[in-house]
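Everything below concerns the one structure shown next.
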Amino acid sequence: MSVRRLAEQQPESFEFTPENMAWLEKQIAKYPDSRQASAVVPALWQAQKQNNYWLPQKAIEKVAELLGMPKIRVLEVATFYTMFNLEPVGKYYIQLCGTTPCMLCGSDDLIKVLERRVGSQRKVTADGMFSWLEVECLGACCNAPMVQINDDYYEDLTAEIFEKLLDDLAVGRPVKTGSQKDRVSSEPEGALTSLTSLYGQK
Ligand code: FES
């Protein structure tokens with residue numbers, strides 16, 4: 001388990017934008033009086049999105065103030081869920097699955113690519129473009145190995161395909177999400193191997 005601490009370098013303040021504040025007020029209104037704390041996860045998520053996908057201490061404190069919660073309670077939530085980044089991440093934040101199915105299908109090769117091109121985990125490249133972290137299963141084991149980059153999954157990767165993906169992202173070329181081997185979702189490569197009579201195939 002990784003240690004989750006607040007970043008050493010912190011901004012001096014955090015305020016929600018008017019648009020995000022209006023959005024948050026709608027979320028809070030979904031809960032009964034005195035149960036506003038139930039909005040803590042969406043509030044933190046919106047704060048993270050507003051702050052380039054990481055949560056500074058001042059944002060955690062702002063959420064506590066808005067929801068009438070002790071700061072420590074909000075800090076507990078922010079440090080418990082790994083979806084919350086407690087330190088700056090790159091424009092492209094790569095979460096690499098290293099759990100057994102992905103490991104058996106070549107995630108170590110992808111790690112070598114990241115160590116060579118991006119550097120060690122949690123460090124943002126000098127140009128601010130990339131950072132990465134090894135995570136546990138992301139639920140796409142059928143298409144292993146895979147990574148999540150920001151909100152999208154990239155599956156059926158090889159070292160070569162992954163290098164090309166990083167090249168394309170670095171220069172702003174469009175990239176394809178999902179399977180990189182052109183199979184549909186997690187269907188078998190080539191052709192169906194089961195339920196073939198159901199689909200009129202032998
Ligand atoms: S083991 Fe990698 S997605 Fe499940």
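Chain identifiers are assigned as A, B, and so on, following the order in which chains appear in the structure tokens; residues are numbered from 1 within each chain, and ligands are numbered from 1 in order of appearance.
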
Which protein, DNA or RNA residues have an atom within 9 Å of ligand 1, counting only C-alpha atoms and all ligand atoms, as an MDAnalysis selection string?
chainID A and resid 96:104 107 135:147 155

Produce a file of the selected residues containing C-alpha atoms, as a PDB file, in the first residue's frame.
```
ATOM      1  CA  LEU A  96      -0.584   1.437 -15.142  1.00  0.00           C
ATOM      2  CA  CYS A  97      -2.161  -1.796 -13.945  1.00  0.00           C
ATOM      3  CA  GLY A  98       0.481  -4.176 -12.602  1.00  0.00           C
ATOM      4  CA  THR A  99      -1.859  -6.794 -11.130  1.00  0.00           C
ATOM      5  CA  THR A 100      -1.431 -10.470 -12.071  1.00  0.00           C
ATOM      6  CA  PRO A 101      -3.347 -10.729 -15.416  1.00  0.00           C
ATOM      7  CA  CYS A 102      -1.695  -7.561 -16.721  1.00  0.00           C
ATOM      8  CA  MET A 103       1.683  -8.644 -15.336  1.00  0.00           C
ATOM      9  CA  LEU A 104       1.425 -12.025 -17.076  1.00  0.00           C
ATOM     10  CA  SER A 107       2.868  -4.917 -17.996  1.00  0.00           C
ATOM     11  CA  VAL A 135      -2.085   0.746  -9.581  1.00  0.00           C
ATOM     12  CA  GLU A 136      -4.074  -2.383  -8.825  1.00  0.00           C
ATOM     13  CA  CYS A 137      -6.573  -4.035 -11.184  1.00  0.00           C
ATOM     14  CA  LEU A 138      -8.620  -1.530 -13.180  1.00  0.00           C
ATOM     15  CA  GLY A 139     -11.200  -4.111 -14.207  1.00  0.00           C
ATOM     16  CA  ALA A 140     -10.150  -4.564 -17.843  1.00  0.00           C
ATOM     17  CA  CYS A 141      -8.211  -7.800 -17.315  1.00  0.00           C
ATOM     18  CA  CYS A 142      -9.650  -9.418 -20.485  1.00  0.00           C
ATOM     19  CA  ASN A 143      -7.759  -6.814 -22.484  1.00  0.00           C
ATOM     20  CA  ALA A 144      -4.510  -6.947 -20.504  1.00  0.00           C
ATOM     21  CA  PRO A 145      -2.110  -5.280 -20.351  1.00  0.00           C
ATOM     22  CA  MET A 146      -3.710  -1.899 -20.063  1.00  0.00           C
ATOM     23  CA  VAL A 147      -3.301   1.623 -18.728  1.00  0.00           C
ATOM     24  CA  GLU A 155      -5.947  -1.878 -23.752  1.00  0.00           C
TER      25      GLU A 155
END
```

Can you tell me, as a VMD selection string, what residues are no more than 6 Å from segment 5-14 of chain A when counting only C-alpha atoms, ignoring any on the same chain fewer than 4 positions away?
chain A and resid 58 to 59 86 to 87

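Distances here use only C-alpha atoms; by that measure, the residue among A:Gly106, A:Pro42, A:Pro32, A:Gly128 closest to Leu157 of chain A is A:Gly106.
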
Excluding same-chain residues fewer than 3 positions from segment 111-119 of chain A, what lies within 7 Å of it counting only C-alpha atoms, as a list in words?
Ser107, Asp108, Lys123, Thr125, Phe130, Ser131 and Ala159 of chain A

Please indicate the distance in Å from atom CA of Ala78 of chain A to atom CA of Val3 of chain A, rounded to one decimal place.
12.6 Å

Step one, run DSSP on the backbone; step two, keep only residues of chain A assigned to helix (DSSP H, G or I); then write them as JSON, numbers by chain.
{"A": [18, 19, 20, 21, 22, 23, 24, 25, 26, 27, 28, 36, 37, 38, 39, 40, 41, 42, 43, 44, 45, 46, 47, 48, 49, 50, 57, 58, 59, 60, 61, 62, 63, 64, 65, 66, 67, 71, 72, 73, 74, 75, 76, 77, 78, 79, 80, 100, 101, 102, 103, 104, 107, 108, 109, 110, 111, 112, 113, 114, 115, 116, 117, 141, 142, 143, 159, 160, 161, 162, 163, 164, 165, 166, 167, 168, 169, 170, 171]}
